[in-house]
There are 4 protein chains.
Amino acid sequence: MSHNSFGHLFRVTTWGESHGPAIGCVVDGCPPGLELDEGWIQPFMDKRKPGTSKFVTQRQEPDEVRILSGVFEGRTTGTPIALHIDNQDQRSKDYGEIAKSFRPGHADIAYEWKYGIRDYRGGGRASARETAMRVAAGAVARRVLGEGVVIRGALVQIGADRIDREAWDWAEVGNNAFWCPDAKAALRWEEQLSAVRKSGSSVGAVIEVRAEGVPVGLGAPIYGKLDAEIAAALMSINAVKGVEIGDGFAAAALSGEENADEMRMRQDGHVEFLANHAGGVLGGISTGQPIVARFAVKPTSSILTPRQAVTLEGQNTDILTKGRHDPCVGIRAVPVGEAMLACVLADHLLRHRAQNPGAPAQGRLPRE
Amino acid sequence: MSHNSFGHLFRVTTWGESHGPAIGCVVDGCPPGLELDEGWIQPFMDKRKPGTSKFVTQRQEPDEVRILSGVFEGRTTGTPIALHIDNQDQRSKDYGEIAKSFRPGHADIAYEWKYGIRDYRGGGRASARETAMRVAAGAVARRVLGEGVVIRGALVQIGADRIDREAWDWAEVGNNAFWCPDAKAALRWEEQLSAVRKSGSSVGAVIEVRAEGVPVGLGAPIYGKLDAEIAAALMSINAVKGVEIGDGFAAAALSGEENADEMRMRQDGHVEFLANHAGGVLGGISTGQPIVARFAVKPTSSILTPRQAVTLEGQNTDILTKGRHDPCVGIRAVPVGEAMLACVLADHLLRHRAQNPGAPAQGRLPRE
Amino acid sequence: MSHNSFGHLFRVTTWGESHGPAIGCVVDGCPPGLELDEGWIQPFMDKRKPGTSKFVTQRQEPDEVRILSGVFEGRTTGTPIALHIDNQDQRSKDYGEIAKSFRPGHADIAYEWKYGIRDYRGGGRASARETAMRVAAGAVARRVLGEGVVIRGALVQIGADRIDREAWDWAEVGNNAFWCPDAKAALRWEEQLSAVRKSGSSVGAVIEVRAEGVPVGLGAPIYGKLDAEIAAALMSINAVKGVEIGDGFAAAALSGEENADEMRMRQDGHVEFLANHAGGVLGGISTGQPIVARFAVKPTSSILTPRQAVTLEGQNTDILTKGRHDPCVGIRAVPVGEAMLACVLADHLLRHRAQNPGAPAQGRLPRE
Amino acid sequence: MSHNSFGHLFRVTTWGESHGPAIGCVVDGCPPGLELDEGWIQPFMDKRKPGTSKFVTQRQEPDEVRILSGVFEGRTTGTPIALHIDNQDQRSKDYGEIAKSFRPGHADIAYEWKYGIRDYRGGGRASARETAMRVAAGAVARRVLGEGVVIRGALVQIGADRIDREAWDWAEVGNNAFWCPDAKAALRWEEQLSAVRKSGSSVGAVIEVRAEGVPVGLGAPIYGKLDAEIAAALMSINAVKGVEIGDGFAAAALSGEENADEMRMRQDGHVEFLANHAGGVLGGISTGQPIVARFAVKPTSSILTPRQAVTLEGQNTDILTKGRHDPCVGIRAVPVGEAMLACVLADHLLRHRAQNPGAPAQGRLPRE
């Protein structure tokens, strides 16, 4: 029940502070014989790393991952995989204000009350820098899942401005700074976010992550439900305040007739679902439909407008946060959300194999 | 990593099928010396039990809990507490259709693919009947938390109809069949739900649960975040499709300035938050503000209108569900949501004590 | 990390006190589709139940197990299996002395200091009665392992008197009251233990448990070693003070040359080990040789000779234990040791499958 | 249920191979505010490091630990502590024989069957090099336990030659190359082991570890027993084949009268035990007496005399192991055993606090 570990059979433990000498993780439980090297992991890191556009923090971190164990001659050995990133840009600065006062929306004051001590430099352990290791672990998870499982994410809302879902084009996602699948929305967001950035303000976002090609049967009843663990995974990302699966909150307004994902047999013996309100999960178990999840990210708490705050010593103060920050942390949360979904699925794939070694991967009837 | 256990130090394991001889749970890790008997648990059971109004299933189950271990002379002993309910109303009926075909929205088909065998009677393990034991465990969790922590829930939306939050009155919650805190909304819902029930349809809902008096410091960074575990807890309830904390999805549309929960010192050395967009959690750790969570429940999948479905043998069919069902399962989800929140908090209270035995319960500055 | 659960993927949680209304366990993680009914479990219970000879406690308990969940039409469903035994013989007696004073060698005083409350009747939770549920769970574990894995135990020492290992005959084990594989030793023990019993004294024992037909590859490096988990499993049995694998403590006196289990290729491509000093485990992983473990049980602490003790109130006293007790608890520990070994192996079988789905079950070279 | 993690609340995860670039561990769950720096850890490393005498391997490794996270300004912060050692002496050599054949007594063949791939260089993950990180984690555990808990180990048997327990002198332990508390035995062992070393043979050993000053109440009933977890901890050390607590296997030969640890009240309200056959644990819970455990280490499997072995391709071969090896791995196992005991106790201290926050640390009656 380690607070810094995630997953059960595919188990990720991260460590490190924003401004410590390094950050890292240990991935335990990865099956042996999978191809793995730094070259596989790095492109995923590059999606999340800072400094890639003017809409994300300008901290300079190449985020070059090194594999220190668990891989031999380019293949995993079944022993723990240690991944390591040396921190580069621990900009020397005066931390006096952050050290001695508590910024609204930040974890500072909660850490103070819980621990009575904190590494305040850059947010320490509470910094989103930790999510770099989630992305690295997610790259390993993708190897476990194999090429048949495709996990992708996109930003579907910035502030109150949502994409047009009819205009969804995965090919657009890489064409803008927002991982936006709707080209028109991306143009609007560019304008909107430029204004936000210049004013030193911030704004929230909603991210959608999807997994296609997921075998049937992943997940488990009751407390090991696939959707429950996806919810925990996504809610554990910094600044996330809400998670939904399939239709999510909108399902509350549907009738039972509307919400039913009806089924028909295909000629080839596969079951075809006529809709996917469920988001690919029934009773906590995958049905072979795409897994669809969304999560809401609050606006970055670090802003240039002063806010009322309090000090370590119990005095009132006003505080504003200078320095390098993301006007919308939701952007860099896209690869993090993908990674968490990959980790949950990899974990459940192993769990499913353990208890149900002969279960089918595909949703045919009669079951064979 | 048991799929039927929840929590780590305050750990609940449930077992039992809808139409088996009994259902039960084991609560392990409960501290010794707490007052506990069946009389404490039963009122919580009564809130969830079927048959209490025309808007919930008419199955007759007194849900009388027996304590079989872990309590001696009216006090907990620190050993596992076994709670047991004999099933009463296993109505004899022909399960032919449910046994041989798969209802849309139900877990049936996912169980078939995963396990190749299922107890189809009344939904078996996937039945919401399992949640009775969650409520029982939640009653024990309340003992662990003590009287200073008040956990309450309410229905805030049925279908598309939301309560007026300005009209929120906790005293109203017990005055209607819906746990609705808004008297006017309750009247509207009575009409709406009567129509839904008569037509054999169903509708979804949104529930809000709150915990007041929670000590500061509960929760943990990264993967043991209080809100992440609340999300998993609520998402694991049958039919839940979305979870949010504090402002949740609405936070995406806020600016950083709006979302900041500013702070001021009170005369008595306590920190006062001027808003609670965060829902009582910062960095995954409780701040002493009320914990606020909402979850969305999809419409009951069992409806009288035929839906397209498939059979065990791979044939198309149409299916409708006769029998005793809840037109809105969200109603009975209210005490279940309360119970899950209680269990998460009790678990985190014990975890917090372990690592931080001298940490303060209240949010004063300077910390002492 | 439940204190009353054992195993990870095949996970057993027991509950109940010696003189409570019932005892039980929940077996979670059992694969679906296995044949299981009470008739399979009961013979294992009968080996452990009290009252079977004059050398074990005369408490009358039929130990009839009921399956309350997780089995449908004679097969496991993959959902948690609840096993339940109603206690029968809660002999009415005056517990004054046990309630108010602490017997040497018993857990009483440790419970008092830890919990400040205990169900003192018959030892409460610390009673060996709990091991009944281990045996029941072990019967389920044997189903998981299948008929190819044979787990057997025998008593190899009572007091200082060891069997002649050259005389080992499994067929003898059922022919005496001691599960003794050496007919001559059984005769000696009958005499010895009759004297011990009449004098109200007690004596210790050593039990050996063996598993044959275990697939290669079960276990894991470092902290999930098969032998480490066997050690924990056996040491967790009441009154056990030592555990060894293969040659165990005797290995300390060997040279590297003597201790080497040399290997030769068989014609059929299997590796043959020329000795089994290792007890079937190398680097924490099974090699396909028989798993061999022994554990030492201390003499029963309940004896008729008064011993110096102390009271709840902090007074000196002398105490002797009247009533029904085992002169040598090692006898009834034999089926318990078998059960624990079965549970560990079942758990590791599932874990192995998860990470290494294509690994061979048999030790051939080259590996295929 | 990570295979490379140990402990629950005080949780250690190690990673790294013998000849990889580095080894390391993550210690999660360490309470905040404890003094910690490399200077505290290093002396424990120095006790285990190779090359300290002619009786241990001559591999040159300074084993300099770096703390990469979880410590701020010399104190722990409650976040995960990453400890890191760069490997220095990865002597370039031809691994042909080890790569292609399986040495008796080594984990090689088990890894091959389980994983189908292994880092054979120096034993890879199965090398005792991993135990360096256990020692580092043990140093952190000692900080958690505080100065009042004293954990020490000694070698009590090499080959068949045991120390004279009457001659036990802790002060002698640092005066010889064997951590031997009996000066005369140390002289004998020097002679014996010199001969073993010169002949290229090896020999086993027995180590005793003790913890004094342990609070009452650590441990838990049934499966979380303190002695069960000590057994797992010690058995998980490389080459260990047996573990015992208190009198261990010798307890089997005692009568109930002899084995009783009688009790008397002291004037100051403390309970005094008149003997410690139990080794400080009753019912799985500490009694405040010294915790006493012993473990047996088999002779080093790497020896110069050829042994019959088999190859990757399934051919017979003879194999001998040249290079740097310990003639008695039991010597360097002493600090490792101490470290494992420290980790178990630290874990249980945190677990005890969680469930029993008000429990007394000392064994007085009446309990207060």
# chains A, B, ... in the order shown; residues from 1 in each chain; ligands from 1
>>> interface_residues(of="chain B", to="chain C", cutoff="9 Å", atoms="only C-alpha atoms", output="PyMOL selection string")
chain B and resi 1-5+8-11+13-17+20-26+28-29+31-33+68-73+75-82+115-119+125
>>> residues_around(residues="Ile285 (chain B)", least_positions_apart="3", cutoff="6 Å", atoms="only C-alpha atoms", output="list in words")
Ala110 of chain A; Gly217, Leu218, Gly219, Ala220, Leu226, Val281 and Leu282 of chain B
>>> write_last_selection(atoms="C-alpha atoms", output="PDB file, in the first residue's frame")
ATOM      1  CA  ALA A 110      -1.453  20.307   3.201  1.00  0.00           C
TER       2      ALA A 110
ATOM      3  CA  GLY B 217      -3.432  15.618   6.734  1.00  0.00           C
ATOM      4  CA  LEU B 218      -5.426  12.584   5.601  1.00  0.00           C
ATOM      5  CA  GLY B 219      -4.320  11.305   2.245  1.00  0.00           C
ATOM      6  CA  ALA B 220      -0.922  11.046   0.690  1.00  0.00           C
ATOM      7  CA  LEU B 226      -7.346  10.966  -0.875  1.00  0.00           C
ATOM      8  CA  VAL B 281      -8.322  18.204  -0.787  1.00  0.00           C
ATOM      9  CA  LEU B 282      -5.029  19.769  -1.916  1.00  0.00           C
TER      10      LEU B 282
END
>>> closest_atom_pairs(of="region 262-321 of chain A", to="region 233-243 of chain A", cutoff="8 Å", atoms="only C-alpha atoms", output="Markdown table")
| residue | atom | partner | partner_atom | distance |
| --- | --- | --- | --- | --- |
| A:Ala293 | CA | A:Val243 | CA | 7.1 |
| A:Arg294 | CA | A:Val243 | CA | 5.7 |
| A:Phe295 | CA | A:Val243 | CA | 4.4 |
| A:Ala296 | CA | A:Gly242 | CA | 5.1 |
| A:Val297 | CA | A:Val240 | CA | 4.4 |
| A:Lys298 | CA | A:Ala239 | CA | 5.5 |
| A:Pro299 | CA | A:Ala239 | CA | 7.7 |
| A:Thr300 | CA | A:Ala239 | CA | 7.6 |
>>> select_by_dssp(residues="region 55-191 of chain C", states="strand (DSSP E or B)", output="PyMOL selection string")
chain C and resi 66-67+71-72+75-76+81-86+101-102+150-158+161-162
>>> residues_around(residues="Ser201 (chain A)", least_positions_apart="6", cutoff="7 Å", atoms="only C-alpha atoms", output="list in words")
Ile303, Leu304 and Pro327 of chain A; Ser255 and Gly256 of chain B
>>> residues_around(residues="region 168-184 of chain A", least_positions_apart="4", cutoff="9 Å", atoms="only C-alpha atoms", output="ChimeraX atom specification")
/A:52-55,152-157,163-164,188-190,330-332,334
>>> write_last_selection(atoms="N, CA, C and O atoms", output="mmCIF file, in the first residue's frame")
data_model
loop_
_atom_site.group_PDB
_atom_site.id
_atom_site.type_symbol
_atom_site.label_atom_id
_atom_site.label_comp_id
_atom_site.auth_asym_id
_atom_site.auth_seq_id
_atom_site.Cartn_x
_atom_site.Cartn_y
_atom_site.Cartn_z
ATOM 1 N N THR A 52 8.190 22.913 -25.119
ATOM 2 C CA THR A 52 7.936 22.548 -26.514
ATOM 3 C C THR A 52 7.115 23.595 -27.268
ATOM 4 O O THR A 52 7.088 23.588 -28.493
ATOM 5 N N SER A 53 6.425 24.462 -26.544
ATOM 6 C CA SER A 53 5.717 25.560 -27.206
ATOM 7 C C SER A 53 5.597 26.694 -26.197
ATOM 8 O O SER A 53 5.945 26.527 -25.025
ATOM 9 N N LYS A 54 5.066 27.819 -26.653
ATOM 10 C CA LYS A 54 4.951 28.934 -25.715
ATOM 11 C C LYS A 54 3.809 28.736 -24.723
ATOM 12 O O LYS A 54 3.663 29.493 -23.789
ATOM 13 N N PHE A 55 3.033 27.689 -24.963
ATOM 14 C CA PHE A 55 1.885 27.471 -24.077
ATOM 15 C C PHE A 55 2.198 26.551 -22.895
ATOM 16 O O PHE A 55 1.313 26.173 -22.138
ATOM 17 N N ARG A 152 -4.577 6.546 -27.161
ATOM 18 C CA ARG A 152 -4.382 7.913 -27.626
ATOM 19 C C ARG A 152 -5.174 8.877 -26.769
ATOM 20 O O ARG A 152 -6.221 8.501 -26.206
ATOM 21 N N GLY A 153 -4.711 10.115 -26.716
ATOM 22 C CA GLY A 153 -5.430 11.125 -25.957
ATOM 23 C C GLY A 153 -5.564 12.404 -26.743
ATOM 24 O O GLY A 153 -4.827 12.629 -27.715
ATOM 25 N N ALA A 154 -6.486 13.222 -26.310
ATOM 26 C CA ALA A 154 -6.694 14.514 -26.959
ATOM 27 C C ALA A 154 -7.298 15.482 -25.954
ATOM 28 O O ALA A 154 -7.968 15.068 -24.999
ATOM 29 N N LEU A 155 -7.054 16.757 -26.192
ATOM 30 C CA LEU A 155 -7.666 17.797 -25.376
ATOM 31 C C LEU A 155 -9.027 18.109 -26.010
ATOM 32 O O LEU A 155 -9.094 18.378 -27.215
ATOM 33 N N VAL A 156 -10.083 18.048 -25.246
ATOM 34 C CA VAL A 156 -11.411 18.266 -25.834
ATOM 35 C C VAL A 156 -12.076 19.538 -25.333
ATOM 36 O O VAL A 156 -13.157 19.909 -25.791
ATOM 37 N N GLN A 157 -11.459 20.194 -24.384
ATOM 38 C CA GLN A 157 -12.027 21.437 -23.866
ATOM 39 C C GLN A 157 -10.921 22.247 -23.208
ATOM 40 O O GLN A 157 -10.118 21.703 -22.440
ATOM 41 N N ILE A 163 -14.423 21.189 -28.084
ATOM 42 C CA ILE A 163 -14.299 20.856 -29.503
ATOM 43 C C ILE A 163 -15.663 20.449 -30.070
ATOM 44 O O ILE A 163 -16.599 20.134 -29.331
ATOM 45 N N ASP A 164 -15.745 20.481 -31.374
ATOM 46 C CA ASP A 164 -16.884 19.904 -32.093
ATOM 47 C C ASP A 164 -16.564 18.417 -32.300
ATOM 48 O O ASP A 164 -15.667 18.086 -33.089
ATOM 49 N N ARG A 188 -8.982 28.590 -32.303
ATOM 50 C CA ARG A 188 -9.598 29.403 -31.239
ATOM 51 C C ARG A 188 -8.760 29.362 -29.955
ATOM 52 O O ARG A 188 -8.540 30.361 -29.294
ATOM 53 N N TRP A 189 -8.298 28.160 -29.618
ATOM 54 C CA TRP A 189 -7.554 28.007 -28.363
ATOM 55 C C TRP A 189 -6.230 28.763 -28.406
ATOM 56 O O TRP A 189 -5.785 29.300 -27.405
ATOM 57 N N GLU A 190 -5.627 28.791 -29.596
ATOM 58 C CA GLU A 190 -4.361 29.512 -29.730
ATOM 59 C C GLU A 190 -4.547 30.969 -29.322
ATOM 60 O O GLU A 190 -3.744 31.531 -28.579
ATOM 61 N N GLY A 330 -3.449 21.386 -18.521
ATOM 62 C CA GLY A 330 -4.136 20.307 -19.224
ATOM 63 C C GLY A 330 -3.411 19.830 -20.470
ATOM 64 O O GLY A 330 -3.525 18.663 -20.856
ATOM 65 N N ILE A 331 -2.655 20.706 -21.093
ATOM 66 C CA ILE A 331 -1.986 20.314 -22.339
ATOM 67 C C ILE A 331 -0.999 19.183 -22.086
ATOM 68 O O ILE A 331 -1.058 18.127 -22.714
ATOM 69 N N ARG A 332 -0.109 19.411 -21.133
ATOM 70 C CA ARG A 332 0.901 18.385 -20.846
ATOM 71 C C ARG A 332 0.306 17.190 -20.109
ATOM 72 O O ARG A 332 0.975 16.162 -19.939
ATOM 73 N N VAL A 334 -2.066 15.463 -21.324
ATOM 74 C CA VAL A 334 -2.527 14.486 -22.325
ATOM 75 C C VAL A 334 -1.645 13.234 -22.343
ATOM 76 O O VAL A 334 -2.137 12.120 -22.157
#
>>> residues_around(residues="region 342-354 of chain C", least_positions_apart="2", cutoff="7 Å", atoms="only C-alpha atoms", output="list in words")
Leu350, Arg351, Arg353, Ala354 and Gln355 of chain A; Gly7, His8, Leu9, Phe10, Gly138, Ala141, Arg142, Val144, Leu145, Ile151, Leu218, Gly219, Glu229, Ile230, Glu338, Ala339, Met340, Asn356 and Pro357 of chain C
